[in-house]
file query25.txt (compact mmCIF, C-alpha atoms)
# COMPACT_ATOMS: atom_id res chain seq x y z
CA MET A 1 114.24 57.68 103.51
CA LYS A 2 113.24 59.91 100.63
CA THR A 3 113.56 63.62 101.39
CA GLU A 4 110.49 65.71 100.73
CA ILE A 5 111.29 68.71 98.58
CA LEU A 6 108.64 70.65 100.54
CA SER A 7 107.07 69.58 103.83
CA LYS A 8 103.54 70.47 104.92
CA GLN A 9 105.07 72.76 107.53
CA ASP A 10 107.23 74.45 104.84
CA LEU A 11 104.11 75.14 102.77
CA LEU A 12 102.19 76.63 105.69
CA LYS A 13 105.17 78.83 106.61
CA TYR A 14 105.51 79.92 102.99
CA TRP A 15 101.83 80.83 102.73
CA GLN A 16 101.78 82.71 106.02
CA GLY A 17 104.97 84.52 104.99
CA GLN A 18 103.18 85.74 101.86
CA ARG A 19 100.12 86.71 103.95
CA SER A 20 102.35 88.64 106.32
CA LEU A 21 103.71 90.71 103.40
CA THR A 22 100.18 91.28 102.07
CA ARG A 23 99.24 92.62 105.52
CA LYS A 24 102.07 95.16 105.27
CA VAL A 25 100.80 96.22 101.84
CA ILE A 26 97.28 96.74 103.27
CA GLU A 27 98.81 98.86 106.04
CA ALA A 28 100.75 100.95 103.52
CA PHE A 29 97.53 102.20 101.85
CA PRO A 30 95.86 105.39 103.03
CA GLU A 31 92.34 104.37 104.15
CA SER A 32 90.41 106.04 101.34
CA ASP A 33 92.79 104.83 98.60
CA LEU A 34 92.50 101.28 99.92
CA PHE A 35 88.77 101.39 99.22
CA ASN A 36 88.66 103.69 96.21
CA PHE A 37 91.90 104.00 94.25
CA SER A 38 92.18 101.99 91.05
CA ILE A 39 93.82 101.99 87.62
CA GLY A 40 92.39 100.94 84.26
CA GLY A 41 88.97 99.98 85.61
CA MET A 42 90.39 97.38 88.00
CA ARG A 43 89.09 96.85 91.54
CA PRO A 44 90.45 98.82 94.49
CA PHE A 45 92.84 96.74 96.63
CA ALA A 46 90.23 96.34 99.43
CA ALA A 47 87.97 94.46 96.98
CA MET A 48 90.88 92.21 95.99
CA CYS A 49 91.51 91.53 99.71
CA SER A 50 87.87 90.65 100.08
CA GLU A 51 88.35 88.03 97.35
CA LEU A 52 91.46 86.64 99.11
CA ILE A 53 89.53 86.44 102.38
CA GLY A 54 86.61 84.74 100.59
CA ILE A 55 89.00 82.06 99.34
CA ALA A 56 91.45 81.18 102.13
CA VAL A 57 89.57 80.13 105.27
CA PRO A 58 86.34 79.07 103.48
CA SER A 59 88.40 76.75 101.21
CA LEU A 60 90.30 75.19 104.12
CA THR A 61 86.99 74.74 105.95
CA SER A 62 85.47 73.05 102.90
CA ILE A 63 88.49 70.78 102.43
CA THR A 64 88.83 69.77 106.08
CA THR A 65 85.10 69.16 106.62
CA ASN A 66 84.54 67.76 103.11
CA LYS A 67 81.53 70.06 102.68
CA PRO A 68 80.87 72.08 99.51
CA ILE A 69 80.78 75.88 99.79
CA LYS A 70 79.91 78.79 97.55
CA LEU A 71 82.44 81.52 96.74
CA ASP A 72 81.47 84.70 98.58
CA GLU A 73 83.68 87.70 97.75
CA LYS A 74 81.52 90.28 99.50
CA SER A 75 83.37 92.39 102.07
CA LYS A 76 82.57 91.92 105.73
CA PHE A 77 84.70 94.97 106.54
CA THR A 78 84.20 98.69 105.90
CA THR A 79 87.42 100.11 107.38
CA LYS A 80 91.12 99.32 107.14
CA GLU A 81 91.12 98.41 110.83
CA GLU A 82 88.32 95.87 110.32
CA LEU A 83 90.13 94.42 107.30
CA LEU A 84 93.34 94.00 109.33
CA MET A 85 91.38 92.39 112.18
CA GLN A 86 89.78 89.95 109.75
CA TRP A 87 93.22 89.26 108.22
CA ASP A 88 94.65 88.40 111.65
CA ASN A 89 91.68 86.19 112.57
CA ASP A 90 92.23 84.35 109.29
CA THR A 91 95.93 83.91 110.09
CA ALA A 92 94.95 82.06 113.27
CA ASN A 93 92.20 80.08 111.50
CA ILE A 94 94.61 79.01 108.75
CA ASN A 95 97.12 77.85 111.37
CA ALA A 96 94.36 75.80 113.03
CA LEU A 97 92.83 74.30 109.85
CA PHE A 98 95.89 73.63 107.68
CA PRO A 99 97.39 70.84 109.86
CA LYS A 100 94.09 68.92 109.55
CA ILE A 101 94.85 68.23 105.88
CA SER A 102 96.78 64.94 105.75
CA ASP A 103 99.91 64.65 103.61
CA ALA A 104 98.14 62.10 101.39
CA GLN A 105 95.26 64.51 100.77
CA PHE A 106 97.52 67.04 99.06
CA GLN A 107 97.80 64.76 96.03
CA GLN A 108 94.04 64.03 95.99
CA ARG A 109 91.56 65.97 93.90
CA PHE A 110 88.90 68.14 95.50
CA VAL A 111 86.10 70.18 93.92
CA LEU A 112 86.18 73.70 95.34
CA PHE A 113 83.36 76.24 95.09
CA GLY A 114 81.29 73.70 93.17
CA GLU A 115 83.46 73.86 90.05
CA TYR A 116 87.25 73.85 90.46
CA ASP A 117 88.42 70.24 90.35
CA PHE A 118 92.14 70.09 91.14
CA LYS A 119 94.58 68.38 93.47
CA ILE A 120 94.61 69.99 96.91
CA GLN A 121 98.26 71.04 96.47
CA GLN A 122 97.21 72.79 93.25
CA HIS A 123 94.42 74.61 95.07
CA LEU A 124 96.87 75.74 97.77
CA PHE A 125 99.35 77.09 95.23
CA TYR A 126 96.52 78.83 93.42
CA PHE A 127 95.53 80.62 96.66
CA ILE A 128 99.11 81.79 97.09
CA ASP A 129 99.64 82.76 93.41
CA ASN A 130 96.40 84.67 93.34
CA GLU A 131 97.42 86.60 96.43
CA ILE A 132 100.89 87.43 95.02
CA HIS A 133 99.24 88.45 91.72
CA HIS A 134 96.83 90.92 93.33
CA ARG A 135 99.45 92.17 95.77
CA GLY A 136 101.74 92.88 92.78
CA GLN A 137 98.90 95.00 91.39
CA ALA A 138 98.65 96.80 94.73
CA TYR A 139 102.36 97.66 94.42
CA VAL A 140 101.55 99.55 91.20
CA TYR A 141 98.67 101.35 92.95
CA LEU A 142 101.03 102.38 95.77
CA ARG A 143 103.73 103.57 93.34
CA ALA A 144 101.13 105.51 91.35
CA LEU A 145 100.08 107.14 94.66
CA GLY A 146 103.71 108.07 95.35
CA ILE A 147 103.94 105.60 98.28
CA GLU A 148 106.97 103.34 98.77
CA PRO A 149 105.69 99.74 99.09
CA PRO A 150 107.20 97.24 101.57
CA PHE A 151 110.22 95.29 100.34
CA PHE A 152 109.04 92.32 98.26
CA TRP A 153 111.34 89.87 100.04
CA GLU A 154 109.89 90.73 103.46
CA THR A 155 107.79 87.60 103.59
CA LEU A 156 108.67 86.74 107.18
CA MET B 1 105.34 55.06 102.22
CA LYS B 2 104.89 58.72 103.05
CA THR B 3 103.18 60.72 100.31
CA GLU B 4 104.99 63.83 99.15
CA ILE B 5 102.73 66.87 99.20
CA LEU B 6 104.63 68.16 96.14
CA SER B 7 106.94 66.13 93.92
CA LYS B 8 109.92 67.53 92.04
CA GLN B 9 107.98 66.98 88.82
CA ASP B 10 104.96 68.86 90.27
CA LEU B 11 107.18 71.83 91.08
CA LEU B 12 108.72 71.93 87.59
CA LYS B 13 105.27 71.71 85.99
CA TYR B 14 103.99 74.46 88.28
CA TRP B 15 106.91 76.76 87.42
CA GLN B 16 106.65 76.14 83.69
CA GLY B 17 102.89 76.72 83.92
CA GLN B 18 103.57 80.13 85.41
CA ARG B 19 106.23 80.84 82.77
CA SER B 20 103.76 79.89 80.05
CA LEU B 21 101.28 82.49 81.35
CA THR B 22 104.05 85.11 81.57
CA ARG B 23 104.85 84.40 77.91
CA LYS B 24 101.21 85.16 77.01
CA VAL B 25 101.44 88.44 78.93
CA ILE B 26 104.60 89.40 77.00
CA GLU B 27 102.75 88.61 73.76
CA ALA B 28 99.80 90.79 74.82
CA PHE B 29 101.95 93.95 74.95
CA PRO B 30 102.32 96.16 71.89
CA GLU B 31 106.07 96.22 71.11
CA SER B 32 106.73 99.83 72.08
CA ASP B 33 104.70 99.62 75.32
CA LEU B 34 106.59 96.48 76.33
CA PHE B 35 109.82 98.48 76.28
CA ASN B 36 108.54 101.93 77.29
CA PHE B 37 105.22 101.96 79.15
CA SER B 38 105.34 102.32 82.91
CA ILE B 39 103.37 103.67 85.88
CA GLY B 40 104.61 105.49 88.98
CA GLY B 41 108.28 105.43 87.98
CA MET B 42 108.38 101.62 87.80
CA ARG B 43 110.29 99.71 85.12
CA PRO B 44 108.68 98.80 81.79
CA PHE B 45 107.67 95.11 81.65
CA ALA B 46 110.58 94.26 79.30
CA ALA B 47 113.05 95.31 82.04
CA MET B 48 111.21 93.12 84.55
CA CYS B 49 111.42 90.20 82.09
CA SER B 50 115.13 90.87 81.78
CA GLU B 51 115.38 90.44 85.58
CA LEU B 52 113.39 87.17 85.44
CA ILE B 53 115.68 85.89 82.67
CA GLY B 54 118.74 86.96 84.69
CA ILE B 55 117.50 84.83 87.60
CA ALA B 56 116.04 81.57 86.24
CA VAL B 57 118.62 79.77 84.08
CA PRO B 58 121.70 81.40 85.68
CA SER B 59 120.47 80.26 89.14
CA LEU B 60 119.81 76.70 88.01
CA THR B 61 123.24 76.65 86.35
CA SER B 62 124.87 77.88 89.56
CA ILE B 63 123.00 75.34 91.69
CA THR B 64 123.63 72.35 89.43
CA THR B 65 127.31 73.13 88.82
CA ASN B 66 127.90 74.45 92.36
CA LYS B 67 129.61 77.53 90.92
CA PRO B 68 128.94 81.08 92.17
CA ILE B 69 127.50 83.60 89.69
CA LYS B 70 126.79 87.31 89.65
CA LEU B 71 123.29 88.66 89.04
CA ASP B 72 123.12 90.19 85.57
CA GLU B 73 119.79 91.87 84.79
CA LYS B 74 120.93 93.54 81.57
CA SER B 75 118.76 92.74 78.54
CA LYS B 76 120.20 90.60 75.79
CA PHE B 77 117.13 91.40 73.65
CA THR B 78 115.98 94.56 71.90
CA THR B 79 112.70 93.37 70.35
CA LYS B 80 109.65 91.43 71.52
CA GLU B 81 110.55 88.63 69.12
CA GLU B 82 114.03 88.30 70.62
CA LEU B 83 112.57 88.33 74.13
CA LEU B 84 110.13 85.53 73.23
CA MET B 85 112.97 83.53 71.64
CA GLN B 86 115.06 83.91 74.78
CA TRP B 87 112.01 82.92 76.89
CA ASP B 88 111.56 79.72 74.85
CA ASN B 89 115.27 78.85 75.02
CA ASP B 90 115.06 79.27 78.78
CA THR B 91 112.02 76.97 78.92
CA ALA B 92 114.12 74.22 77.33
CA ASN B 93 117.14 75.00 79.53
CA ILE B 94 115.02 74.88 82.69
CA ASN B 95 113.60 71.50 81.64
CA ALA B 96 117.16 70.23 81.14
CA LEU B 97 118.70 71.67 84.33
CA PHE B 98 115.91 71.23 86.89
CA PRO B 99 116.01 67.39 86.99
CA LYS B 100 119.72 67.58 87.90
CA ILE B 101 118.79 68.95 91.35
CA SER B 102 118.39 65.94 93.64
CA ASP B 103 115.38 65.72 95.98
CA ALA B 104 117.68 65.97 98.99
CA GLN B 105 119.23 69.19 97.66
CA PHE B 106 115.91 71.05 97.85
CA GLN B 107 116.17 71.13 101.65
CA GLN B 108 119.85 72.17 101.58
CA ARG B 109 121.01 75.76 101.74
CA PHE B 110 122.73 77.41 98.81
CA VAL B 111 124.21 80.91 98.48
CA LEU B 112 122.89 82.49 95.29
CA PHE B 113 124.37 85.55 93.60
CA GLY B 114 126.99 85.76 96.32
CA GLU B 115 124.54 86.84 99.03
CA TYR B 116 121.18 85.05 99.24
CA ASP B 117 121.58 82.11 101.60
CA PHE B 118 118.39 80.01 101.59
CA LYS B 119 117.23 76.46 101.09
CA ILE B 120 117.04 75.55 97.41
CA GLN B 121 113.24 75.06 97.67
CA GLN B 122 113.01 78.60 99.04
CA HIS B 123 115.04 79.93 96.12
CA LEU B 124 112.77 78.14 93.67
CA PHE B 125 109.63 79.57 95.25
CA TYR B 126 111.21 83.00 95.26
CA PHE B 127 111.84 82.75 91.50
CA ILE B 128 108.17 81.85 90.97
CA ASP B 129 106.79 84.47 93.41
CA ASN B 130 108.93 87.17 91.89
CA GLU B 131 107.64 86.27 88.43
CA ILE B 132 103.97 86.29 89.54
CA HIS B 133 104.57 89.60 91.34
CA HIS B 134 105.98 91.37 88.28
CA ARG B 135 103.45 89.74 85.97
CA GLY B 136 100.67 91.07 88.24
CA GLN B 137 102.17 94.52 87.71
CA ALA B 138 102.13 93.90 83.95
CA TYR B 139 98.38 93.18 84.21
CA VAL B 140 97.89 96.73 85.56
CA TYR B 141 100.00 98.11 82.70
CA LEU B 142 97.86 96.22 80.17
CA ARG B 143 94.58 97.38 81.79
CA ALA B 144 95.87 100.97 81.86
CA LEU B 145 96.61 100.59 78.13
CA GLY B 146 93.06 99.33 77.55
CA ILE B 147 94.27 95.81 76.70
CA GLU B 148 92.53 92.70 78.08
CA PRO B 149 95.19 90.51 79.74
CA PRO B 150 95.21 86.70 79.45
CA PHE B 151 93.10 84.82 82.02
CA PHE B 152 95.09 84.46 85.23
CA TRP B 153 94.28 80.77 85.58
CA GLU B 154 95.73 79.96 82.15
CA THR B 155 98.91 78.56 83.59
CA LEU B 156 99.00 75.50 81.35
call {"tool": "encode", "arguments": {"input": "query25.txt", "output": "structure tokens"}}
result
Amino acid sequence: MKTEILSKQDLLKYWQGQRSLTRKVIEAFPESDLFNFSIGGMRPFAAMCSELIGIAVPSLTSITTNKPIKLDEKSKFTTKEELLMQWDNDTANINALFPKISDAQFQQRFVLFGEYDFKIQQHLFYFIDNEIHHRGQAYVYLRALGIEPPFFWETL
Amino acid sequence: MKTEILSKQDLLKYWQGQRSLTRKVIEAFPESDLFNFSIGGMRPFAAMCSELIGIAVPSLTSITTNKPIKLDEKSKFTTKEELLMQWDNDTANINALFPKISDAQFQQRFVLFGEYDFKIQQHLFYFIDNEIHHRGQAYVYLRALGIEPPFFWETL
């Protein structure tokens, strides 16, 4: 039997490992800096988190129900505590939705948010890349604030 | 036959797509800022690139020859042009070395740099994550310098 280089379970674990590190980065921010601090005209990290939240569970819902959705990046949280609660709810929702995608589906194309037409595996890696990208930016914010960020390899 | 959620070829294409975007980010930096600009006591982007270069081809060489190596993050370049030349040489070397890893090997453990004991697929994703992470930091540097970075989704 051919060995898979990455199983569906590996991919879920990998994604959740990244999400677990992002949660630590959210926690590392002082509340007001989370919502207000920025560099070079970029968004504060809370707004980036709002984007990540607008992508993850809504995309999995769209893929697993085969229903189109619109991208909604508006925050449903106004405090760090609410953001962390939403993050944890999403962790559970991702664990529930992800297994509903069949192995075969990962190589099939799917139009997300009415415009992004890629293979489902490509969408998944985009979600993860985009999160690592913004979290990397949050590391610079933390360093600029004189705060030691979590270790990058703490993804579990 | 069971469908792979990600083929070996998909993973190589994904990695090289990320490397292609990182190359554009290197190009976007003015020469002196590439080597000198930093925020919050972090390294300039050239030093981060030197780390990425110290990981990618040396790791693949170690894995495909089954020989231990030491991590060497020292720059072998002193100009942006030399860095880009090294980047392009590495692109070719990665394309040559990557196919030598068998599918079965991806799920096998390998000790890299004398201490990191993970499955080969986990090493590969770490290389990619680490690159996206530092490139995300370079986006903040560029924004702080008033320079528009390349579009994040330009990974091809």
call {"tool": "interface_residues", "arguments": {"input": "query25.txt", "of": "chain B", "to": "chain A", "cutoff": "7 Å", "atoms": "only C-alpha atoms", "output": "list in words"}}
result
Thr3, Glu4, Ile5, Leu6, Ser7, Lys8, Ile39, Gly40, Asp103, Ala104, Phe106, Gln107, Gln121, Asp129, Ile132, His133, His134, Gly136, Gln137, Val140, Arg143, Ala144 and Gly146 of chain B
call {"tool": "closest_residue", "arguments": {"input": "query25.txt", "among": "A:Phe113, A:Trp87, A:Phe37, A:Phe77", "to": "Ser20 in chain A", "atoms": "all atoms listed in the file"}}
result
A:Trp87
call {"tool": "atom_distance", "arguments": {"input": "query25.txt", "atom1": "CA of Arg109 in chain A", "atom2": "CA of Leu21 in chain B"}}
result
22.9 Å
call {"tool": "axis_aligned_box", "arguments": {"input": "query25.txt", "around": "range 135-153 of chain A", "padding_each_side": "3 Å", "output": "JSON"}}
result
{"center_x": 105.0, "center_y": 99.0, "center_z": 96.4, "size_x": 18.7, "size_y": 24.2, "size_z": 16.4}
call {"tool": "residues_near_point", "arguments": {"input": "query25.txt", "point": "(119.9, 80.2, 86.6)", "cutoff": "10 Å", "atoms": "all atoms listed in the file", "output": "list in words"}}
result
Leu52, Ile53, Gly54, Ile55, Ala56, Val57, Pro58, Ser59, Leu60, Thr61, Ser62, Ile63, Thr64, Ile69, Leu71, Asp90, Asn93, Ile94, Leu97, Phe98, Leu112, Phe113 and Phe127 of chain B
call {"tool": "closest_residue", "arguments": {"input": "query25.txt", "among": "A:Leu34, A:Ile101, A:Met48, A:Val111", "to": "Thr78 in chain A", "atoms": "all atoms listed in the file"}}
result
A:Leu34
call {"tool": "atom_distance", "arguments": {"input": "query25.txt", "atom1": "CA of Asn66 in chain A", "atom2": "CA of Phe110 in chain A"}}
result
8.8 Å
call {"tool": "atom_distance", "arguments": {"input": "query25.txt", "atom1": "CA of Lys76 in chain A", "atom2": "CA of Ala28 in chain A"}}
result
20.4 Å
call {"tool": "build_atoms", "arguments": {"input": "query25.txt", "residues": "range 101-118 of chain B", "atoms": "N, CA, C and O atoms", "output": "PDB file, keeping the file's coordinate frame"}}
result
ATOM      1  N   ILE B 101     118.818  68.660  89.901  1.00  0.00           N
ATOM      2  CA  ILE B 101     118.790  68.950  91.350  1.00  0.00           C
ATOM      3  C   ILE B 101     118.187  67.720  92.021  1.00  0.00           C
ATOM      4  O   ILE B 101     117.087  67.293  91.677  1.00  0.00           O
ATOM      5  N   SER B 102     118.920  67.138  92.974  1.00  0.00           N
ATOM      6  CA  SER B 102     118.390  65.940  93.640  1.00  0.00           C
ATOM      7  C   SER B 102     117.325  66.350  94.663  1.00  0.00           C
ATOM      8  O   SER B 102     117.312  67.488  95.136  1.00  0.00           O
ATOM      9  N   ASP B 103     116.424  65.420  94.991  1.00  0.00           N
ATOM     10  CA  ASP B 103     115.380  65.720  95.980  1.00  0.00           C
ATOM     11  C   ASP B 103     115.997  66.232  97.280  1.00  0.00           C
ATOM     12  O   ASP B 103     115.508  67.199  97.866  1.00  0.00           O
ATOM     13  N   ALA B 104     117.068  65.588  97.709  1.00  0.00           N
ATOM     14  CA  ALA B 104     117.680  65.970  98.990  1.00  0.00           C
ATOM     15  C   ALA B 104     118.198  67.410  98.952  1.00  0.00           C
ATOM     16  O   ALA B 104     118.141  68.132  99.945  1.00  0.00           O
ATOM     17  N   GLN B 105     118.694  67.829  97.780  1.00  0.00           N
ATOM     18  CA  GLN B 105     119.230  69.190  97.660  1.00  0.00           C
ATOM     19  C   GLN B 105     118.207  70.288  97.964  1.00  0.00           C
ATOM     20  O   GLN B 105     118.570  71.353  98.446  1.00  0.00           O
ATOM     21  N   PHE B 106     116.934  70.009  97.671  1.00  0.00           N
ATOM     22  CA  PHE B 106     115.910  71.050  97.850  1.00  0.00           C
ATOM     23  C   PHE B 106     115.836  71.569  99.284  1.00  0.00           C
ATOM     24  O   PHE B 106     115.450  72.704  99.524  1.00  0.00           O
ATOM     25  N   GLN B 107     116.202  70.704 100.246  1.00  0.00           N
ATOM     26  CA  GLN B 107     116.170  71.130 101.650  1.00  0.00           C
ATOM     27  C   GLN B 107     117.533  71.647 102.122  1.00  0.00           C
ATOM     28  O   GLN B 107     117.697  72.018 103.282  1.00  0.00           O
ATOM     29  N   GLN B 108     118.521  71.675 101.201  1.00  0.00           N
ATOM     30  CA  GLN B 108     119.850  72.170 101.580  1.00  0.00           C
ATOM     31  C   GLN B 108     119.987  73.653 101.220  1.00  0.00           C
ATOM     32  O   GLN B 108     119.389  74.134 100.272  1.00  0.00           O
ATOM     33  N   ARG B 109     120.801  74.332 101.983  1.00  0.00           N
ATOM     34  CA  ARG B 109     121.010  75.760 101.740  1.00  0.00           C
ATOM     35  C   ARG B 109     122.001  75.952 100.594  1.00  0.00           C
ATOM     36  O   ARG B 109     122.877  75.120 100.350  1.00  0.00           O
ATOM     37  N   PHE B 110     121.837  77.079  99.916  1.00  0.00           N
ATOM     38  CA  PHE B 110     122.730  77.410  98.810  1.00  0.00           C
ATOM     39  C   PHE B 110     122.824  78.944  98.743  1.00  0.00           C
ATOM     40  O   PHE B 110     121.806  79.626  98.837  1.00  0.00           O
ATOM     41  N   VAL B 111     124.036  79.456  98.583  1.00  0.00           N
ATOM     42  CA  VAL B 111     124.210  80.910  98.480  1.00  0.00           C
ATOM     43  C   VAL B 111     124.132  81.314  97.005  1.00  0.00           C
ATOM     44  O   VAL B 111     124.983  80.939  96.200  1.00  0.00           O
ATOM     45  N   LEU B 112     123.086  82.048  96.678  1.00  0.00           N
ATOM     46  CA  LEU B 112     122.890  82.490  95.290  1.00  0.00           C
ATOM     47  C   LEU B 112     123.381  83.923  95.117  1.00  0.00           C
ATOM     48  O   LEU B 112     123.189  84.756  96.010  1.00  0.00           O
ATOM     49  N   PHE B 113     123.923  84.205  93.953  1.00  0.00           N
ATOM     50  CA  PHE B 113     124.370  85.550  93.600  1.00  0.00           C
ATOM     51  C   PHE B 113     125.265  86.159  94.688  1.00  0.00           C
ATOM     52  O   PHE B 113     125.225  87.362  94.946  1.00  0.00           O
ATOM     53  N   GLY B 114     126.020  85.280  95.337  1.00  0.00           N
ATOM     54  CA  GLY B 114     126.990  85.760  96.320  1.00  0.00           C
ATOM     55  C   GLY B 114     126.421  86.289  97.615  1.00  0.00           C
ATOM     56  O   GLY B 114     127.182  86.723  98.486  1.00  0.00           O
ATOM     57  N   GLU B 115     125.076  86.274  97.782  1.00  0.00           N
ATOM     58  CA  GLU B 115     124.540  86.840  99.030  1.00  0.00           C
ATOM     59  C   GLU B 115     123.275  86.196  99.578  1.00  0.00           C
ATOM     60  O   GLU B 115     123.030  86.271 100.783  1.00  0.00           O
ATOM     61  N   TYR B 116     122.461  85.550  98.754  1.00  0.00           N
ATOM     62  CA  TYR B 116     121.180  85.050  99.240  1.00  0.00           C
ATOM     63  C   TYR B 116     121.316  83.601  99.697  1.00  0.00           C
ATOM     64  O   TYR B 116     121.417  82.682  98.883  1.00  0.00           O
ATOM     65  N   ASP B 117     121.318  83.424 101.011  1.00  0.00           N
ATOM     66  CA  ASP B 117     121.580  82.110 101.600  1.00  0.00           C
ATOM     67  C   ASP B 117     120.281  81.484 102.105  1.00  0.00           C
ATOM     68  O   ASP B 117     119.830  81.762 103.219  1.00  0.00           O
ATOM     69  N   PHE B 118     119.661  80.656 101.261  1.00  0.00           N
ATOM     70  CA  PHE B 118     118.390  80.010 101.590  1.00  0.00           C
ATOM     71  C   PHE B 118     118.412  78.563 101.143  1.00  0.00           C
ATOM     72  O   PHE B 118     119.304  78.148 100.387  1.00  0.00           O
TER      73      PHE B 118
END
